[in-house]
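Take a look at the structure set out below.
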There are 2 protein chains.
Amino acid sequence: MTLKTLEWKNNSVVMIDQTKLPNELVFVEYSDYNDVARAIKTLVVRGAPAIGVSGAFGMALAALQSKATTNEELIEDLEKAKKVLFETRPTAVNLAWGLERIMEVARKGNDVSEIKDSIIQTAKKMADKDVETNMKIGKYGVELFDNNDTVMTHCNAGALATVAYGTALGVIRAIKESGKHVKVLATETRPVMQGSRLTAFELKHDGIDVSLIPDTAVGYAMAKDLVKKVIVGADRILRTGHGFNKIGTYQIALLAKEHGIPFYVAAPLSTFDMKSEPDDVIIEQREASEVTTIGDKKIAPDNIDVLNPAFDMTPPELVTGIITEAGVARPPYEESIQKLFGSSL
Amino acid sequence: MTLKTLEWKNNSVVMIDQTKLPNELVFVEYSDYNDVARAIKTLVVRGAPAIGVSGAFGMALAALQSKATTNEELIEDLEKAKKVLFETRPTAVNLAWGLERIMEVARKGNDVSEIKDSIIQTAKKMADKDVETNMKIGKYGVELFDNNDTVMTHCNAGALATVAYGTALGVIRAIKESGKHVKVLATETRPVMQGSRLTAFELKHDGIDVSLIPDTAVGYAMAKDLVKKVIVGADRILRTGHGFNKIGTYQIALLAKEHGIPFYVAAPLSTFDMKSEPDDVIIEQREASEVTTIGDKKIAPDNIDVLNPAFDMTPPELVTGIITEAGVARPPYEESIQKLFGSSL
């Protein structure tokens, strides 16, 4: 059985506590949207599609928690919750997308009870849709890979970054399901170590051949011809094809280009931000303690200055293709991305 | 006071236990060469020049430990010790160099007592020479840097990688001593974290402006124009200019090239291996546990496959200059390196 990262169950949200992985597989249950916001902030749940659906589930909890007697009061409560949930992570666009989808539904309802019900139904549908979308991404992605490819991936764009199945790792699962053999080289992904803690865990859980490398060994592995292709997820993709993803993605893309290795991005259309320019996107800067400590262990001197950006930007000229549920976009991206949106309407 | 990494004191070797840094500054004392070998293997002492001198001190201990009554017996005991010490780390050339220097001295002595004495004197001189050499490297290096440069460094080529002062960080110290302001961006250097544990520690100890970044943020920092120059040490440099250094160096050099950032290597002439070809050099593969655990904390699933090379190779076309105690070599390296050796004779 593949992992179910988050789920709506008996009017509450159940999710895997990813901060406990790989040592313990623990599920947590929330019935207060403030707890969901805290879970997003502290990386109990992470990954752009997963926090998009978590945001929607958070809004569903906010609806249930609301004591409103009129539509206007309910909308007001929901706007408050939306703000709290939105401010947890500024870079991934799926969160804003998930919250906005719920607000649209809320604005259309006839009365408080109908609005609450349709919010819950919409959030649940978004979760189901996420899995369907990932399966479609996998279907398009599998065509780009050959039997016995060794594929490098960074961070975790897997089941644990989505509701289930995954985007980049969904493609890996689809390759395996197609009968081709695939070997994964997972980067640790400092500082939060989503590669060693999550990607290595979930691929091993599913019986997929995976090896771990330090982030410093990417160039070595490419120079030694140990990498045939790279596939990563994305937290935001602009209409120009500029991709925002976990810190370290940009340098892997540049190294791949220099070694003649195809570099693919796998992401649902909900990851696309068709309005912003590259400079508009806020790169979240996270706490120094993520770099200076691991658990209780201090690994750097006290009061050291730290630069800890959570994301970086990969320019389109480094990207071989973007795999979505509507097909694969290829350069020039401005055209091909626009076309994908046309075909999905 | 700058740090003294290792020292000969009352017929024993005193060194900083670098595995305890940055949390505790602890000195350990050895009077058995086997303990020195273990210290090299387990990274109590590391850094190419430091393990070169440690090897020589180890040989001095072996001489003192020897019960030999004839020169031949003593040479035999020394050859045994040399083998044990040599097998600790295969990539850095300074260790072989330090051990061989001692053997040369041993072969020239007239009797057991004279040999023992001259070995100890030679090893002590090598330690003093190391500091002098680093000061000269600093003197040549400082010319290549401007006031207010932000300089990226990888791993620790500092006081802690040498007897004192450092090679790459010796240049940083020389820049500061020259009255120019310098800011250092230190990479963590996974998996052993010499950047966060050692470089950040020793620069802070000396009041030099230093910030820490994850290895994944190198490309980000360069793209954001936060890096003016890069300087690193080396564990082995070939006559062609190919450099072997801490894993991650190669990708930093390639990223620097792509961003138009000068990339310098600082190393003493004892780091040069004028005989080997690139493919001859053994890249040490270290234990998986360096990647899967930090202290007692497990950060990856059980029994995960790990690729953990300790070094990588940077080709000469990525290197702007190699700073030695005899001057700065520039491309084409085959010529300029040869010239440095000529001038130092």
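The way I read the labels, and the way they are meant: chains A, B, ... in the order of the structure tokens, residue 1 as the first residue of every chain, and ligand 1 as the first ligand shown, with later ones counted on from there.
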
Compile the contact shell of region 109-123 of chain A as JSON, numbers by chain: residues with an atom at most 12 Å away, counting only C-alpha atoms, same-chain residues fewer than 3 positions apart removed. {"A": [6, 7, 8, 9, 10, 11, 12, 13, 50, 52, 53, 54, 55, 56, 57, 58, 59, 60, 61, 62, 63, 64, 65, 66, 67, 68, 69, 70, 71, 72, 73, 74, 75, 77, 78, 97, 98, 99, 100, 101, 102, 103, 104, 105, 106, 126, 127, 128, 129, 130, 163]}

Give me, as a ChimeraX atom specification, the residues of chain B touching chain A, with the criterion being at most 6 Å (counting only C-alpha atoms). /B:22,196-197,201,211-213,216-217,219,247-248,251,299-301,305-307

Same residues, all heavy atoms, saved as a tab-separated table (two decimals), in the first residue's frame:
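Output contents, as saved in again-v5.tsv:
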```tsv
chain	number	residue	atom	x	y	z
B	22	PRO	N	31.79	22.02	17.05
B	22	PRO	CA	32.10	23.29	17.71
B	22	PRO	C	31.67	23.33	19.17
B	22	PRO	O	31.76	24.38	19.79
B	22	PRO	CB	31.26	24.28	16.90
B	22	PRO	CG	30.02	23.49	16.56
B	22	PRO	CD	30.46	22.06	16.39
B	196	SER	N	30.38	23.95	8.85
B	196	SER	CA	29.63	24.50	9.99
B	196	SER	C	30.37	24.24	11.30
B	196	SER	O	30.39	25.10	12.18
B	196	SER	CB	28.21	23.94	10.05
B	196	SER	OG	28.14	22.62	9.62
B	197	ARG	N	30.99	23.06	11.42
B	197	ARG	CA	31.63	22.71	12.69
B	197	ARG	C	32.98	23.39	12.84
B	197	ARG	O	33.35	23.84	13.93
B	197	ARG	CB	31.80	21.20	12.82
B	197	ARG	CG	30.47	20.43	12.92
B	197	ARG	CD	30.71	18.99	13.34
B	197	ARG	NE	31.62	18.31	12.44
B	197	ARG	CZ	32.88	17.97	12.73
B	197	ARG	NH1	33.36	18.21	13.94
B	197	ARG	NH2	33.64	17.38	11.84
B	201	PHE	N	33.51	27.86	13.15
B	201	PHE	CA	34.09	27.95	14.49
B	201	PHE	C	35.41	28.73	14.48
B	201	PHE	O	35.60	29.67	15.25
B	201	PHE	CB	34.32	26.54	15.06
B	201	PHE	CG	35.08	26.52	16.35
B	201	PHE	CD1	34.42	26.73	17.55
B	201	PHE	CD2	36.46	26.31	16.36
B	201	PHE	CE1	35.12	26.73	18.76
B	201	PHE	CE2	37.17	26.30	17.55
B	201	PHE	CZ	36.50	26.52	18.75
B	211	SER	N	29.32	33.83	7.48
B	211	SER	CA	27.95	33.32	7.45
B	211	SER	C	27.98	31.91	6.91
B	211	SER	O	28.82	31.57	6.08
B	211	SER	CB	27.06	34.16	6.54
B	211	SER	OG	26.84	35.43	7.07
B	212	LEU	N	27.02	31.13	7.38
B	212	LEU	CA	26.94	29.72	7.01
B	212	LEU	C	25.82	29.55	6.00
B	212	LEU	O	24.75	30.16	6.14
B	212	LEU	CB	26.62	28.95	8.30
B	212	LEU	CG	26.81	27.46	8.33
B	212	LEU	CD1	28.25	27.09	8.04
B	212	LEU	CD2	26.39	26.95	9.71
B	213	ILE	N	26.04	28.72	4.98
B	213	ILE	CA	24.94	28.36	4.07
B	213	ILE	C	24.92	26.84	3.87
B	213	ILE	O	25.96	26.18	3.91
B	213	ILE	CB	25.04	29.04	2.68
B	213	ILE	CG1	26.31	28.61	1.93
B	213	ILE	CG2	24.99	30.56	2.79
B	213	ILE	CD1	26.27	28.97	0.45
B	216	THR	N	23.22	23.29	-0.49
B	216	THR	CA	22.20	23.45	-1.53
B	216	THR	C	22.02	24.91	-1.95
B	216	THR	O	21.35	25.18	-2.94
B	216	THR	CB	20.85	22.93	-1.02
B	216	THR	OG1	20.63	23.44	0.30
B	216	THR	CG2	20.81	21.42	-0.97
B	217	ALA	N	22.58	25.85	-1.18
B	217	ALA	CA	22.34	27.27	-1.45
B	217	ALA	C	23.50	27.94	-2.19
B	217	ALA	O	23.53	29.15	-2.36
B	217	ALA	CB	22.06	28.01	-0.14
B	219	GLY	N	24.34	27.71	-5.49
B	219	GLY	CA	23.85	28.29	-6.74
B	219	GLY	C	23.02	29.54	-6.48
B	219	GLY	O	23.17	30.56	-7.16
B	247	ILE	N	34.48	16.47	-1.26
B	247	ILE	CA	33.29	16.28	-2.09
B	247	ILE	C	32.45	17.58	-2.09
B	247	ILE	O	32.21	18.16	-1.03
B	247	ILE	CB	32.46	15.06	-1.60
B	247	ILE	CG1	31.33	14.75	-2.58
B	247	ILE	CG2	31.92	15.24	-0.18
B	247	ILE	CD1	31.80	14.12	-3.86
B	248	GLY	N	32.06	17.99	-3.27
B	248	GLY	CA	31.30	19.23	-3.41
B	248	GLY	C	32.12	20.35	-4.03
B	248	GLY	O	31.56	21.32	-4.54
B	251	GLN	N	31.48	20.74	-7.95
B	251	GLN	CA	30.26	21.42	-8.38
B	251	GLN	C	30.31	22.91	-8.05
B	251	GLN	O	29.79	23.73	-8.82
B	251	GLN	CB	29.00	20.73	-7.81
B	251	GLN	CG	28.84	20.74	-6.31
B	251	GLN	CD	27.76	19.76	-5.85
B	251	GLN	OE1	27.68	18.61	-6.30
B	251	GLN	NE2	26.89	20.19	-4.94
B	299	ILE	N	18.77	9.96	10.53
B	299	ILE	CA	18.08	10.89	9.63
B	299	ILE	C	17.73	10.24	8.30
B	299	ILE	O	17.36	10.92	7.35
B	299	ILE	CB	18.93	12.16	9.38
B	299	ILE	CG1	20.37	11.78	9.01
B	299	ILE	CG2	18.91	13.06	10.60
B	299	ILE	CD1	21.19	12.93	8.53
B	300	ALA	N	17.85	8.93	8.22
B	300	ALA	CA	17.48	8.21	6.99
B	300	ALA	C	16.96	6.85	7.40
B	300	ALA	O	17.24	6.37	8.50
B	300	ALA	CB	18.70	8.08	6.07
B	301	PRO	N	16.19	6.21	6.51
B	301	PRO	CA	15.65	4.90	6.89
B	301	PRO	C	16.77	3.87	7.06
B	301	PRO	O	17.86	4.02	6.52
B	301	PRO	CB	14.75	4.52	5.71
B	301	PRO	CG	14.93	5.54	4.66
B	301	PRO	CD	15.71	6.68	5.21
B	305	ASP	N	20.77	2.32	0.88
B	305	ASP	CA	22.04	2.40	0.14
B	305	ASP	C	22.53	3.84	0.13
B	305	ASP	O	21.72	4.76	-0.05
B	305	ASP	CB	21.85	1.96	-1.32
B	305	ASP	CG	21.73	0.45	-1.44
B	305	ASP	OD1	22.27	-0.25	-0.57
B	305	ASP	OD2	21.08	0.00	-2.40
B	306	VAL	N	23.82	4.02	0.29
B	306	VAL	CA	24.38	5.37	0.33
B	306	VAL	C	25.63	5.44	-0.54
B	306	VAL	O	26.44	4.51	-0.54
B	306	VAL	CB	24.75	5.77	1.78
B	306	VAL	CG1	25.51	7.09	1.81
B	306	VAL	CG2	23.51	5.84	2.65
B	307	LEU	N	25.76	6.52	-1.28
B	307	LEU	CA	26.99	6.81	-2.02
B	307	LEU	C	27.67	7.94	-1.24
B	307	LEU	O	27.10	9.02	-1.11
B	307	LEU	CB	26.62	7.26	-3.44
B	307	LEU	CG	27.77	7.57	-4.40
B	307	LEU	CD1	28.54	6.31	-4.75
B	307	LEU	CD2	27.23	8.22	-5.68
```

For CA of Lys229 (chain A) and CA of Gly241 (chain A), determine how far apart the two atoms are, in Å to one decimal place.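 Taking CA of Lys229 (chain A) as the start and CA of Gly241 (chain A) as the end point, the length is 19.0 Å.
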
Interatomic distance, CA of Arg89 (chain A) to CA of Val36 (chain A) (Å, one decimal):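 Between these atoms lies a distance of 12.3 Å.
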
Need to verify the contact set: Gln18 (chain A), 10 Å, only C-alpha atoms, exclusion of same-chain residues closer than 6 positions in sequence. Can you return it as a ChimeraX atom specification? /A:5,24-28,39,42-46,160-161,194,197-198

Per DSSP on the backbone, what are the strand (DSSP E) residues of region 221-254 of chain B, as a list in words? Lys229, Val230, Ile231, Val232, Arg236, Ile237, Leu238, Gly243, Phe244, Asn245 and Lys246 of chain B

Just to be explicit: take each residue in the selection above, keep C-alpha atoms, and write the result as a compact mmCIF listing (two decimals), in the first residue's frame.
```
# COMPACT_ATOMS: atom_id res chain seq x y z
CA LYS B 229 35.34 34.91 -5.23
CA VAL B 230 35.73 31.30 -4.13
CA ILE B 231 38.75 29.88 -2.33
CA VAL B 232 39.27 26.27 -1.25
CA ARG B 236 46.03 16.51 -4.01
CA ILE B 237 46.91 18.49 -7.13
CA LEU B 238 48.29 16.83 -10.24
CA GLY B 243 42.60 19.13 -8.06
CA PHE B 244 41.24 16.59 -5.61
CA ASN B 245 39.42 18.13 -2.70
CA LYS B 246 36.42 17.62 -0.40
```

Using only C-alpha atoms, which of B:Leu144, B:Ala159, B:Ala168, B:Val14 sits nearest Lys180 (chain B)?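 The answer is B:Leu144, which sits nearest to Lys180 (chain B).
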
Would you list the contacts of region 317-325 of chain B as a VMD selection string, taking every protein, DNA or RNA residue within 10 Å and counting only C-alpha atoms, but skipping same-chain residues closer than 2 positions in sequence? chain B and resid 132 to 142 144 167 to 168 171 230 to 234 237 241 to 243 250 to 258 261 to 271 314 to 315 327 to 333 336 to 337 340 344
